[in-house]
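Pasting model25.csv here (CSV, N, CA and C atoms):
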chain,number,residue,atom,x,y,z
A,1224,MET,N,15.4,-33.7,38.8
A,1224,MET,CA,15.1,-32.3,38.6
A,1224,MET,C,15.5,-32.0,37.2
A,1225,SER,N,14.6,-31.4,36.3
A,1225,SER,CA,15.0,-31.1,35.0
A,1225,SER,C,15.6,-29.7,34.9
A,1226,GLU,N,16.5,-29.5,34.1
A,1226,GLU,CA,17.2,-28.2,33.9
A,1226,GLU,C,16.4,-27.4,32.9
A,1227,ASP,N,16.0,-26.1,33.2
A,1227,ASP,CA,15.3,-25.3,32.3
A,1227,ASP,C,16.4,-24.7,31.3
A,1228,LYS,N,16.1,-24.8,30.0
A,1228,LYS,CA,17.0,-24.3,29.0
A,1228,LYS,C,16.4,-23.0,28.5
A,1229,ALA,N,17.2,-22.0,28.3
A,1229,ALA,CA,16.8,-20.7,27.8
A,1229,ALA,C,16.4,-20.9,26.3
A,1230,PRO,N,15.3,-20.2,25.9
A,1230,PRO,CA,14.9,-20.4,24.5
A,1230,PRO,C,16.0,-19.9,23.5
A,1231,GLU,N,16.1,-20.5,22.4
A,1231,GLU,CA,17.0,-20.1,21.3
A,1231,GLU,C,16.6,-18.8,20.7
A,1232,ILE,N,17.5,-17.9,20.4
A,1232,ILE,CA,17.2,-16.7,19.7
A,1232,ILE,C,17.7,-16.8,18.3
A,1233,VAL,N,16.8,-16.6,17.3
A,1233,VAL,CA,17.1,-16.7,15.9
A,1233,VAL,C,17.4,-15.3,15.4
A,1234,LEU,N,18.6,-15.1,14.8
A,1234,LEU,CA,19.0,-13.7,14.4
A,1234,LEU,C,19.3,-13.8,12.9
A,1235,ALA,N,18.8,-12.8,12.2
A,1235,ALA,CA,19.1,-12.7,10.7
A,1235,ALA,C,20.1,-11.6,10.5
A,1236,LEU,N,20.9,-11.8,9.4
A,1236,LEU,CA,21.9,-10.8,9.0
A,1236,LEU,C,21.5,-10.3,7.6
A,1237,GLU,N,21.4,-9.0,7.5
A,1237,GLU,CA,21.2,-8.3,6.2
A,1237,GLU,C,22.3,-7.3,6.0
A,1238,ILE,N,23.4,-7.8,5.4
A,1238,ILE,CA,24.6,-7.0,5.3
A,1238,ILE,C,25.1,-7.0,3.9
A,1239,ASP,N,25.2,-5.8,3.3
A,1239,ASP,CA,25.7,-5.7,1.9
A,1239,ASP,C,27.1,-6.2,1.7
A,1240,ASP,N,28.0,-6.0,2.7
A,1240,ASP,CA,29.4,-6.4,2.5
A,1240,ASP,C,29.6,-7.9,2.9
A,1241,PRO,N,29.9,-8.7,1.9
A,1241,PRO,CA,30.0,-10.2,2.2
A,1241,PRO,C,31.1,-10.5,3.3
A,1242,ALA,N,32.2,-9.8,3.2
A,1242,ALA,CA,33.3,-10.0,4.2
A,1242,ALA,C,32.8,-9.7,5.6
A,1243,LEU,N,32.1,-8.6,5.8
A,1243,LEU,CA,31.6,-8.2,7.1
A,1243,LEU,C,30.6,-9.2,7.5
A,1244,ALA,N,29.7,-9.6,6.6
A,1244,ALA,CA,28.7,-10.6,7.0
A,1244,ALA,C,29.3,-11.9,7.5
A,1245,ASP,N,30.3,-12.4,6.8
A,1245,ASP,CA,31.0,-13.6,7.2
A,1245,ASP,C,31.7,-13.5,8.5
A,1246,ARG,N,32.3,-12.3,8.8
A,1246,ARG,CA,33.0,-12.1,10.1
A,1246,ARG,C,32.0,-12.1,11.2
A,1247,LEU,N,30.8,-11.4,11.0
A,1247,LEU,CA,29.8,-11.3,12.0
A,1247,LEU,C,29.2,-12.7,12.3
A,1248,ALA,N,29.0,-13.5,11.2
A,1248,ALA,CA,28.4,-14.8,11.3
A,1248,ALA,C,29.3,-15.7,12.1
A,1249,ALA,N,30.6,-15.6,11.9
A,1249,ALA,CA,31.6,-16.4,12.6
A,1249,ALA,C,31.6,-16.0,14.1
A,1250,LEU,N,31.6,-14.7,14.4
A,1250,LEU,CA,31.5,-14.3,15.8
A,1250,LEU,C,30.2,-14.7,16.5
A,1251,LEU,N,29.1,-14.5,15.8
A,1251,LEU,CA,27.8,-14.8,16.4
A,1251,LEU,C,27.6,-16.3,16.5
A,1252,GLY,N,28.2,-17.1,15.7
A,1252,GLY,CA,28.0,-18.5,15.7
A,1252,GLY,C,28.5,-19.1,17.0
A,1253,ASN,N,29.3,-18.5,17.7
A,1253,ASN,CA,29.8,-19.0,19.0
A,1253,ASN,C,29.1,-18.5,20.2
A,1254,VAL,N,28.0,-17.8,20.0
A,1254,VAL,CA,27.2,-17.3,21.1
A,1254,VAL,C,26.2,-18.3,21.5
A,1255,ALA,N,26.2,-18.7,22.8
A,1255,ALA,CA,25.2,-19.7,23.3
A,1255,ALA,C,23.8,-19.2,23.2
A,1256,GLU,N,22.9,-20.1,22.8
A,1256,GLU,CA,21.5,-19.8,22.7
A,1256,GLU,C,21.1,-18.9,21.6
A,1257,LEU,N,22.1,-18.7,20.6
A,1257,LEU,CA,21.8,-17.8,19.5
A,1257,LEU,C,22.1,-18.7,18.2
A,1258,ARG,N,21.2,-18.5,17.2
A,1258,ARG,CA,21.3,-19.2,16.0
A,1258,ARG,C,21.0,-18.3,14.9
A,1259,LEU,N,21.8,-18.3,13.8
A,1259,LEU,CA,21.6,-17.4,12.7
A,1259,LEU,C,20.5,-18.1,11.8
A,1260,ALA,N,19.6,-17.2,11.3
A,1260,ALA,CA,18.5,-17.7,10.5
A,1260,ALA,C,19.0,-18.1,9.1
A,1261,VAL,N,18.3,-19.1,8.5
A,1261,VAL,CA,18.6,-19.4,7.2
A,1261,VAL,C,17.8,-18.5,6.3
A,1262,PRO,N,18.1,-18.3,5.0
A,1262,PRO,CA,17.4,-17.4,4.1
A,1262,PRO,C,15.9,-17.8,4.1
A,1263,GLY,N,15.0,-16.8,4.3
A,1263,GLY,CA,13.6,-17.0,4.3
A,1263,GLY,C,13.0,-17.4,5.6
A,1264,GLU,N,13.8,-17.7,6.6
A,1264,GLU,CA,13.4,-18.0,7.9
A,1264,GLU,C,13.0,-16.8,8.7
A,1265,GLN,N,11.9,-16.8,9.5
A,1265,GLN,CA,11.6,-15.7,10.4
A,1265,GLN,C,12.6,-15.7,11.5
A,1266,ALA,N,13.0,-14.4,11.9
A,1266,ALA,CA,14.0,-14.2,12.9
A,1266,ALA,C,13.4,-13.3,14.0
A,1267,ALA,N,13.9,-13.5,15.2
A,1267,ALA,CA,13.5,-12.6,16.3
A,1267,ALA,C,14.1,-11.2,16.2
A,1268,ALA,N,15.2,-11.1,15.5
A,1268,ALA,CA,15.9,-9.8,15.3
A,1268,ALA,C,16.7,-9.9,14.1
A,1269,THR,N,17.0,-8.7,13.5
A,1269,THR,CA,17.8,-8.6,12.3
A,1269,THR,C,18.9,-7.6,12.4
A,1270,ILE,N,20.1,-7.9,12.1
A,1270,ILE,CA,21.2,-6.9,12.0
A,1270,ILE,C,21.3,-6.4,10.6
A,1271,VAL,N,21.1,-5.1,10.4
A,1271,VAL,CA,21.1,-4.6,9.0
A,1271,VAL,C,22.3,-3.6,8.9
A,1272,ALA,N,23.1,-3.8,7.8
A,1272,ALA,CA,24.2,-2.9,7.5
A,1272,ALA,C,24.2,-2.6,6.0
A,1273,ARG,N,24.0,-1.4,5.6
A,1273,ARG,CA,24.0,-1.1,4.2
A,1273,ARG,C,25.1,-0.1,3.9
A,1274,HIS,N,25.5,-0.1,2.7
A,1274,HIS,CA,26.6,0.8,2.3
A,1274,HIS,C,26.1,2.2,2.5
A,1275,PRO,N,26.8,3.1,3.1
A,1275,PRO,CA,26.4,4.5,3.4
A,1275,PRO,C,26.1,5.2,2.0
A,1276,ARG,N,25.1,6.0,2.0
A,1276,ARG,CA,24.8,6.8,0.9
A,1276,ARG,C,25.8,7.9,0.7
A,1277,VAL,N,26.2,8.2,-0.5
A,1277,VAL,CA,27.1,9.3,-0.7
A,1277,VAL,C,26.3,10.5,-1.0
A,1278,MET,N,26.5,11.6,-0.2
A,1278,MET,CA,25.7,12.8,-0.4
A,1278,MET,C,26.3,13.6,-1.6
A,1279,PRO,N,25.4,14.0,-2.5
A,1279,PRO,CA,25.9,14.9,-3.6
A,1279,PRO,C,26.7,16.1,-3.0
A,1280,ASP,N,27.7,16.5,-3.7
A,1280,ASP,CA,28.6,17.5,-3.2
A,1280,ASP,C,27.8,18.9,-3.0
A,1281,ASP,N,26.9,19.1,-3.8
A,1281,ASP,CA,26.2,20.4,-3.7
A,1281,ASP,C,25.0,20.4,-2.7
A,1282,ILE,N,24.8,19.3,-2.0
A,1282,ILE,CA,23.7,19.3,-1.0
A,1282,ILE,C,24.4,18.8,0.3
A,1283,ALA,N,24.4,19.7,1.3
A,1283,ALA,CA,25.0,19.4,2.6
A,1283,ALA,C,23.9,19.4,3.6
A,1284,LEU,N,23.3,18.2,3.9
A,1284,LEU,CA,22.3,18.0,4.9
A,1284,LEU,C,22.9,17.5,6.2
A,1285,THR,N,22.3,18.0,7.3
A,1285,THR,CA,22.7,17.4,8.6
A,1285,THR,C,22.1,16.1,8.8
A,1286,GLN,N,22.5,15.4,9.8
A,1286,GLN,CA,21.9,14.1,10.1
A,1286,GLN,C,20.5,14.3,10.5
A,1287,ARG,N,20.2,15.3,11.3
A,1287,ARG,CA,18.8,15.6,11.7
A,1287,ARG,C,17.9,16.0,10.5
A,1288,GLU,N,18.5,16.7,9.6
A,1288,GLU,CA,17.7,17.0,8.4
A,1288,GLU,C,17.4,15.7,7.6
A,1289,LEU,N,18.3,14.8,7.5
A,1289,LEU,CA,18.1,13.5,6.9
A,1289,LEU,C,17.0,12.7,7.6
A,1290,ASP,N,17.0,12.8,9.0
A,1290,ASP,CA,16.0,12.1,9.7
A,1290,ASP,C,14.6,12.7,9.4
A,1291,VAL,N,14.5,14.0,9.4
A,1291,VAL,CA,13.3,14.7,9.1
A,1291,VAL,C,12.8,14.3,7.7
A,1292,LEU,N,13.8,14.4,6.7
A,1292,LEU,CA,13.4,14.1,5.3
A,1292,LEU,C,12.9,12.7,5.2
A,1293,ALA,N,13.5,11.7,5.9
A,1293,ALA,CA,13.1,10.3,5.8
A,1293,ALA,C,11.6,10.2,6.3
A,1294,LEU,N,11.3,10.9,7.4
A,1294,LEU,CA,10.0,10.8,7.9
A,1294,LEU,C,9.0,11.6,7.0
A,1295,MET,N,9.4,12.6,6.4
A,1295,MET,CA,8.6,13.3,5.4
A,1295,MET,C,8.3,12.4,4.2
A,1296,ALA,N,9.3,11.6,3.8
A,1296,ALA,CA,9.1,10.7,2.7
A,1296,ALA,C,8.0,9.6,3.1
A,1297,GLU,N,7.9,9.3,4.4
A,1297,GLU,CA,6.9,8.4,4.8
A,1297,GLU,C,5.5,9.0,4.9
A,1298,GLY,N,5.5,10.3,4.7
A,1298,GLY,CA,4.2,11.0,4.8
A,1298,GLY,C,3.8,11.5,6.2
A,1299,ALA,N,4.8,11.6,7.1
A,1299,ALA,CA,4.6,12.0,8.5
A,1299,ALA,C,4.3,13.5,8.5
A,1300,SER,N,3.4,13.9,9.4
A,1300,SER,CA,3.1,15.3,9.6
A,1300,SER,C,4.2,15.9,10.5
A,1301,ASN,N,4.3,17.2,10.6
A,1301,ASN,CA,5.3,17.9,11.5
A,1301,ASN,C,5.1,17.4,12.9
A,1302,LYS,N,3.9,17.2,13.4
A,1302,LYS,CA,3.6,16.7,14.7
A,1302,LYS,C,4.1,15.3,14.9
A,1303,MET,N,3.9,14.5,13.9
A,1303,MET,CA,4.4,13.1,14.0
A,1303,MET,C,5.9,13.0,14.0
A,1304,ILE,N,6.5,13.8,13.2
A,1304,ILE,CA,8.0,13.9,13.1
A,1304,ILE,C,8.5,14.3,14.5
A,1305,ALA,N,7.9,15.4,15.0
A,1305,ALA,CA,8.4,15.9,16.3
A,1305,ALA,C,8.3,14.8,17.4
A,1306,ARG,N,7.2,14.0,17.4
A,1306,ARG,CA,7.1,12.9,18.4
A,1306,ARG,C,8.1,11.9,18.2
A,1307,ARG,N,8.3,11.4,16.9
A,1307,ARG,CA,9.2,10.4,16.6
A,1307,ARG,C,10.7,10.7,16.9
A,1308,LEU,N,11.0,12.0,16.7
A,1308,LEU,CA,12.4,12.4,16.9
A,1308,LEU,C,12.6,13.1,18.3
A,1309,GLY,N,11.6,13.3,19.1
A,1309,GLY,CA,11.7,13.8,20.4
A,1309,GLY,C,12.1,15.3,20.4
A,1310,ILE,N,11.6,16.0,19.4
A,1310,ILE,CA,11.9,17.5,19.2
A,1310,ILE,C,10.6,18.2,19.2
A,1311,SER,N,10.6,19.5,19.2
A,1311,SER,CA,9.4,20.3,19.1
A,1311,SER,C,8.9,20.5,17.7
A,1312,VAL,N,7.7,20.8,17.6
A,1312,VAL,CA,7.1,21.0,16.2
A,1312,VAL,C,7.8,22.2,15.6
A,1313,HIS,N,8.1,23.2,16.4
A,1313,HIS,CA,8.8,24.4,15.9
A,1313,HIS,C,10.1,24.0,15.3
A,1314,THR,N,10.9,23.1,15.9
A,1314,THR,CA,12.2,22.7,15.4
A,1314,THR,C,12.0,21.9,14.1
A,1315,VAL,N,10.9,21.1,14.1
A,1315,VAL,CA,10.6,20.4,12.8
A,1315,VAL,C,10.4,21.4,11.7
A,1316,LYS,N,9.6,22.4,12.0
A,1316,LYS,CA,9.3,23.4,10.9
A,1316,LYS,C,10.6,24.1,10.5
A,1317,PHE,N,11.5,24.3,11.4
A,1317,PHE,CA,12.8,24.9,11.0
A,1317,PHE,C,13.5,24.0,10.1
A,1318,HIS,N,13.6,22.7,10.4
A,1318,HIS,CA,14.3,21.7,9.6
A,1318,HIS,C,13.6,21.6,8.2
A,1319,VAL,N,12.3,21.6,8.2
A,1319,VAL,CA,11.6,21.5,6.9
A,1319,VAL,C,11.9,22.7,6.0
A,1320,GLY,N,11.9,23.9,6.6
A,1320,GLY,CA,12.3,25.1,5.9
A,1320,GLY,C,13.7,25.0,5.3
A,1321,SER,N,14.6,24.5,6.2
A,1321,SER,CA,16.0,24.4,5.7
A,1321,SER,C,16.1,23.4,4.6
A,1322,LEU,N,15.3,22.3,4.7
A,1322,LEU,CA,15.4,21.3,3.6
A,1322,LEU,C,14.8,21.9,2.3
A,1323,LEU,N,13.7,22.6,2.4
A,1323,LEU,CA,13.2,23.2,1.2
A,1323,LEU,C,14.2,24.2,0.5
A,1324,ASP,N,14.9,24.9,1.3
A,1324,ASP,CA,16.0,25.8,0.8
A,1324,ASP,C,17.1,25.0,0.2
A,1325,LYS,N,17.6,24.1,0.9
A,1325,LYS,CA,18.8,23.3,0.4
A,1325,LYS,C,18.5,22.5,-0.8
A,1326,LEU,N,17.2,22.0,-0.9
A,1326,LEU,CA,16.8,21.1,-2.0
A,1326,LEU,C,16.2,21.9,-3.1
A,1327,ASP,N,16.1,23.2,-2.9
A,1327,ASP,CA,15.4,24.1,-3.9
A,1327,ASP,C,14.1,23.6,-4.3
A,1328,ALA,N,13.3,23.3,-3.2
A,1328,ALA,CA,12.0,22.7,-3.4
A,1328,ALA,C,10.9,23.7,-3.1
A,1329,THR,N,9.7,23.5,-3.7
A,1329,THR,CA,8.5,24.4,-3.4
A,1329,THR,C,7.6,23.9,-2.3
A,1330,GLY,N,7.8,22.7,-1.9
A,1330,GLY,CA,7.0,22.1,-0.8
A,1330,GLY,C,7.6,20.8,-0.4
A,1331,ARG,N,6.9,20.2,0.6
A,1331,ARG,CA,7.4,18.9,1.2
A,1331,ARG,C,7.5,17.8,0.1
A,1332,THR,N,6.4,17.6,-0.7
A,1332,THR,CA,6.4,16.6,-1.7
A,1332,THR,C,7.6,16.8,-2.7
A,1333,ASP,N,7.7,18.1,-3.1
A,1333,ASP,CA,8.8,18.5,-4.0
A,1333,ASP,C,10.1,18.2,-3.4
A,1334,ALA,N,10.3,18.4,-2.1
A,1334,ALA,CA,11.6,18.2,-1.5
A,1334,ALA,C,11.9,16.7,-1.5
A,1335,VAL,N,10.9,15.9,-1.2
A,1335,VAL,CA,11.2,14.4,-1.2
A,1335,VAL,C,11.5,14.0,-2.6
A,1336,ALA,N,10.8,14.5,-3.6
A,1336,ALA,CA,11.0,14.1,-5.0
A,1336,ALA,C,12.4,14.5,-5.4
A,1337,HIS,N,12.8,15.8,-5.1
A,1337,HIS,CA,14.2,16.2,-5.4
A,1337,HIS,C,15.2,15.3,-4.7
A,1338,ALA,N,15.0,15.1,-3.5
A,1338,ALA,CA,16.0,14.2,-2.7
A,1338,ALA,C,16.1,12.8,-3.3
A,1339,ALA,N,15.0,12.3,-3.7
A,1339,ALA,CA,15.0,10.9,-4.3
A,1339,ALA,C,15.8,10.9,-5.6
A,1340,ARG,N,15.5,11.9,-6.5
A,1340,ARG,CA,16.1,12.1,-7.8
A,1340,ARG,C,17.6,12.2,-7.6
A,1341,ARG,N,18.0,13.0,-6.6
A,1341,ARG,CA,19.5,13.3,-6.4
A,1341,ARG,C,20.2,12.1,-5.7
A,1342,GLY,N,19.4,11.1,-5.2
A,1342,GLY,CA,20.1,10.0,-4.5
A,1342,GLY,C,20.3,10.2,-3.0
A,1343,VAL,N,19.7,11.3,-2.5
A,1343,VAL,CA,19.9,11.6,-1.1
A,1343,VAL,C,19.1,10.6,-0.2
A,1344,ILE,N,17.9,10.2,-0.7
A,1344,ILE,CA,17.1,9.2,0.0
A,1344,ILE,C,16.6,8.2,-1.1
A,1345,GLU,N,16.2,7.0,-0.5
A,1345,GLU,CA,15.7,6.0,-1.4
A,1345,GLU,C,14.2,5.8,-1.1
A,1346,LEU,N,13.4,5.8,-2.1
A,1346,LEU,CA,11.9,5.6,-1.8
A,1346,LEU,C,11.5,4.1,-2.0

Step by step, read the file and then write its structure as structure tokens.
Amino acid sequence: MSEDKAPEIVLALEIDDPALADRLAALLGNVAELRLAVPGEQAAATIVARHPRVMPDDIALTQRELDVLALMAEGASNKMIARRLGISVHTVKFHVGSLLDKLDATGRTDAVAHAARRGVIEL
């Protein structure tokens, strides 16, 4: 009788901090049925860790406002943002208004442009 072997899972690491990447690679290297991808290899999943962005001192956005702003930058409508974040369209409109005020913007596109120039988001 042959023994069925679980398929190997290939995992990629995209981590800015080399020390953290090395520590994770060492830990994950001991997990059965898991193999770390070599550069350029297709992986089943990817662990991503980037250096956190430093918010400019004069702009204090909440995490939810950042979530809304990121989706605005992708061109999502209020309805799409509401669905993606699991909130009401009314709440999205509230956050968009707050973003326009905090970023001193005249509209959604202007808000995204201001945020990108100030380093709040990356386009």

Tell me, as an mmCIF file with N, CA and C atoms, in the frame of the given file, which residues lie within 12 Å of Ala1338 (chain A), counting only C-alpha atoms; anything in the same chain fewer than 2 positions away does not count.
data_model
loop_
_atom_site.group_PDB
_atom_site.id
_atom_site.type_symbol
_atom_site.label_atom_id
_atom_site.label_comp_id
_atom_site.auth_asym_id
_atom_site.auth_seq_id
_atom_site.Cartn_x
_atom_site.Cartn_y
_atom_site.Cartn_z
ATOM 1 N N MET A 1278 26.500 11.600 -0.200
ATOM 2 C CA MET A 1278 25.700 12.800 -0.400
ATOM 3 C C MET A 1278 26.300 13.600 -1.600
ATOM 4 N N PRO A 1279 25.400 14.000 -2.500
ATOM 5 C CA PRO A 1279 25.900 14.900 -3.600
ATOM 6 C C PRO A 1279 26.700 16.100 -3.000
ATOM 7 N N ASP A 1281 26.900 19.100 -3.800
ATOM 8 C CA ASP A 1281 26.200 20.400 -3.700
ATOM 9 C C ASP A 1281 25.000 20.400 -2.700
ATOM 10 N N ILE A 1282 24.800 19.300 -2.000
ATOM 11 C CA ILE A 1282 23.700 19.300 -1.000
ATOM 12 C C ILE A 1282 24.400 18.800 0.300
ATOM 13 N N ALA A 1283 24.400 19.700 1.300
ATOM 14 C CA ALA A 1283 25.000 19.400 2.600
ATOM 15 C C ALA A 1283 23.900 19.400 3.600
ATOM 16 N N LEU A 1284 23.300 18.200 3.900
ATOM 17 C CA LEU A 1284 22.300 18.000 4.900
ATOM 18 C C LEU A 1284 22.900 17.500 6.200
ATOM 19 N N GLU A 1288 18.500 16.700 9.600
ATOM 20 C CA GLU A 1288 17.700 17.000 8.400
ATOM 21 C C GLU A 1288 17.400 15.700 7.600
ATOM 22 N N LEU A 1289 18.300 14.800 7.500
ATOM 23 C CA LEU A 1289 18.100 13.500 6.900
ATOM 24 C C LEU A 1289 17.000 12.700 7.600
ATOM 25 N N LEU A 1292 13.800 14.400 6.700
ATOM 26 C CA LEU A 1292 13.400 14.100 5.300
ATOM 27 C C LEU A 1292 12.900 12.700 5.200
ATOM 28 N N ALA A 1293 13.500 11.700 5.900
ATOM 29 C CA ALA A 1293 13.100 10.300 5.800
ATOM 30 C C ALA A 1293 11.600 10.200 6.300
ATOM 31 N N MET A 1295 9.400 12.600 6.400
ATOM 32 C CA MET A 1295 8.600 13.300 5.400
ATOM 33 C C MET A 1295 8.300 12.400 4.200
ATOM 34 N N ALA A 1296 9.300 11.600 3.800
ATOM 35 C CA ALA A 1296 9.100 10.700 2.700
ATOM 36 C C ALA A 1296 8.000 9.600 3.100
ATOM 37 N N LEU A 1322 15.300 22.300 4.700
ATOM 38 C CA LEU A 1322 15.400 21.300 3.600
ATOM 39 C C LEU A 1322 14.800 21.900 2.300
ATOM 40 N N LEU A 1323 13.700 22.600 2.400
ATOM 41 C CA LEU A 1323 13.200 23.200 1.200
ATOM 42 C C LEU A 1323 14.200 24.200 0.500
ATOM 43 N N LYS A 1325 17.600 24.100 0.900
ATOM 44 C CA LYS A 1325 18.800 23.300 0.400
ATOM 45 C C LYS A 1325 18.500 22.500 -0.800
ATOM 46 N N LEU A 1326 17.200 22.000 -0.900
ATOM 47 C CA LEU A 1326 16.800 21.100 -2.000
ATOM 48 C C LEU A 1326 16.200 21.900 -3.100
ATOM 49 N N ASP A 1327 16.100 23.200 -2.900
ATOM 50 C CA ASP A 1327 15.400 24.100 -3.900
ATOM 51 C C ASP A 1327 14.100 23.600 -4.300
ATOM 52 N N ALA A 1328 13.300 23.300 -3.200
ATOM 53 C CA ALA A 1328 12.000 22.700 -3.400
ATOM 54 C C ALA A 1328 10.900 23.700 -3.100
ATOM 55 N N ARG A 1331 6.900 20.200 0.600
ATOM 56 C CA ARG A 1331 7.400 18.900 1.200
ATOM 57 C C ARG A 1331 7.500 17.800 0.100
ATOM 58 N N THR A 1332 6.400 17.600 -0.700
ATOM 59 C CA THR A 1332 6.400 16.600 -1.700
ATOM 60 C C THR A 1332 7.600 16.800 -2.700
ATOM 61 N N ASP A 1333 7.700 18.100 -3.100
ATOM 62 C CA ASP A 1333 8.800 18.500 -4.000
ATOM 63 C C ASP A 1333 10.100 18.200 -3.400
ATOM 64 N N ALA A 1334 10.300 18.400 -2.100
ATOM 65 C CA ALA A 1334 11.600 18.200 -1.500
ATOM 66 C C ALA A 1334 11.900 16.700 -1.500
ATOM 67 N N VAL A 1335 10.900 15.900 -1.200
ATOM 68 C CA VAL A 1335 11.200 14.400 -1.200
ATOM 69 C C VAL A 1335 11.500 14.000 -2.600
ATOM 70 N N ALA A 1336 10.800 14.500 -3.600
ATOM 71 C CA ALA A 1336 11.000 14.100 -5.000
ATOM 72 C C ALA A 1336 12.400 14.500 -5.400
ATOM 73 N N ARG A 1340 15.500 11.900 -6.500
ATOM 74 C CA ARG A 1340 16.100 12.100 -7.800
ATOM 75 C C ARG A 1340 17.600 12.200 -7.600
ATOM 76 N N ARG A 1341 18.000 13.000 -6.600
ATOM 77 C CA ARG A 1341 19.500 13.300 -6.400
ATOM 78 C C ARG A 1341 20.200 12.100 -5.700
ATOM 79 N N GLY A 1342 19.400 11.100 -5.200
ATOM 80 C CA GLY A 1342 20.100 10.000 -4.500
ATOM 81 C C GLY A 1342 20.300 10.200 -3.000
ATOM 82 N N VAL A 1343 19.700 11.300 -2.500
ATOM 83 C CA VAL A 1343 19.900 11.600 -1.100
ATOM 84 C C VAL A 1343 19.100 10.600 -0.200
ATOM 85 N N ILE A 1344 17.900 10.200 -0.700
ATOM 86 C CA ILE A 1344 17.100 9.200 0.000
ATOM 87 C C ILE A 1344 16.600 8.200 -1.100
ATOM 88 N N GLU A 1345 16.200 7.000 -0.500
ATOM 89 C CA GLU A 1345 15.700 6.000 -1.400
ATOM 90 C C GLU A 1345 14.200 5.800 -1.100
ATOM 91 N N LEU A 1346 13.400 5.800 -2.100
ATOM 92 C CA LEU A 1346 11.900 5.600 -1.800
ATOM 93 C C LEU A 1346 11.500 4.100 -2.000
#

To one decimal in Å, tell me the separation between CA of Ala1267 (chain A) and atom C of Glu1231 (chain A).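 Straight-line distance from CA of Ala1267 (chain A) to atom C of Glu1231 (chain A) works out to 8.2 Å.
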
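Closest approach to Ala1255 (chain A) among A:Ala1272, A:Lys1316, A:Ile1238, A:Pro1230: A:Pro1230, based on only C-alpha atoms.
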
Work out how far atom C of Val1291 (chain A) is from atom C of Val1319 (chain A), in Å to one decimal.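 Distance between the two atoms: 8.6 Å.
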
Separation of atom N of Thr1285 (chain A) from atom C of Leu1243 (chain A) in Å: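 Separation between atom C of Leu1243 (chain A) and atom N of Thr1285 (chain A): 28.4 Å.
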
Which parts of region 1251-1290 of chain A does DSSP call alpha helix (DSSP H) when run on the backbone here, written out as number ranges by chain? A: 1251, 1286-1290

For the residues selected in the previous step, produce a file with N, CA and C atoms as a PDB file, in the frame of the given file.
ATOM      1  N   LEU A1251      29.100 -14.500  15.800  1.00  0.00           N
ATOM      2  CA  LEU A1251      27.800 -14.800  16.400  1.00  0.00           C
ATOM      3  C   LEU A1251      27.600 -16.300  16.500  1.00  0.00           C
ATOM      4  N   GLN A1286      22.500  15.400   9.800  1.00  0.00           N
ATOM      5  CA  GLN A1286      21.900  14.100  10.100  1.00  0.00           C
ATOM      6  C   GLN A1286      20.500  14.300  10.500  1.00  0.00           C
ATOM      7  N   ARG A1287      20.200  15.300  11.300  1.00  0.00           N
ATOM      8  CA  ARG A1287      18.800  15.600  11.700  1.00  0.00           C
ATOM      9  C   ARG A1287      17.900  16.000  10.500  1.00  0.00           C
ATOM     10  N   GLU A1288      18.500  16.700   9.600  1.00  0.00           N
ATOM     11  CA  GLU A1288      17.700  17.000   8.400  1.00  0.00           C
ATOM     12  C   GLU A1288      17.400  15.700   7.600  1.00  0.00           C
ATOM     13  N   LEU A1289      18.300  14.800   7.500  1.00  0.00           N
ATOM     14  CA  LEU A1289      18.100  13.500   6.900  1.00  0.00           C
ATOM     15  C   LEU A1289      17.000  12.700   7.600  1.00  0.00           C
ATOM     16  N   ASP A1290      17.000  12.800   9.000  1.00  0.00           N
ATOM     17  CA  ASP A1290      16.000  12.100   9.700  1.00  0.00           C
ATOM     18  C   ASP A1290      14.600  12.700   9.400  1.00  0.00           C
TER      19      ASP A1290
END

Among chain A, which residues carry a DSSP assignment of strand (DSSP E), reported as an MDAnalysis selection string? chainID A and resid 1232:1238 1257:1259 1268:1272

Identify the residues around (26.9, -9.5, 8.2) within a radius of 12 Å, measuring from only C-alpha atoms in the coordinates stated by the file, and give them as an NGL selection string. :A and (1234-1252 or 1259-1260 or 1269-1274)
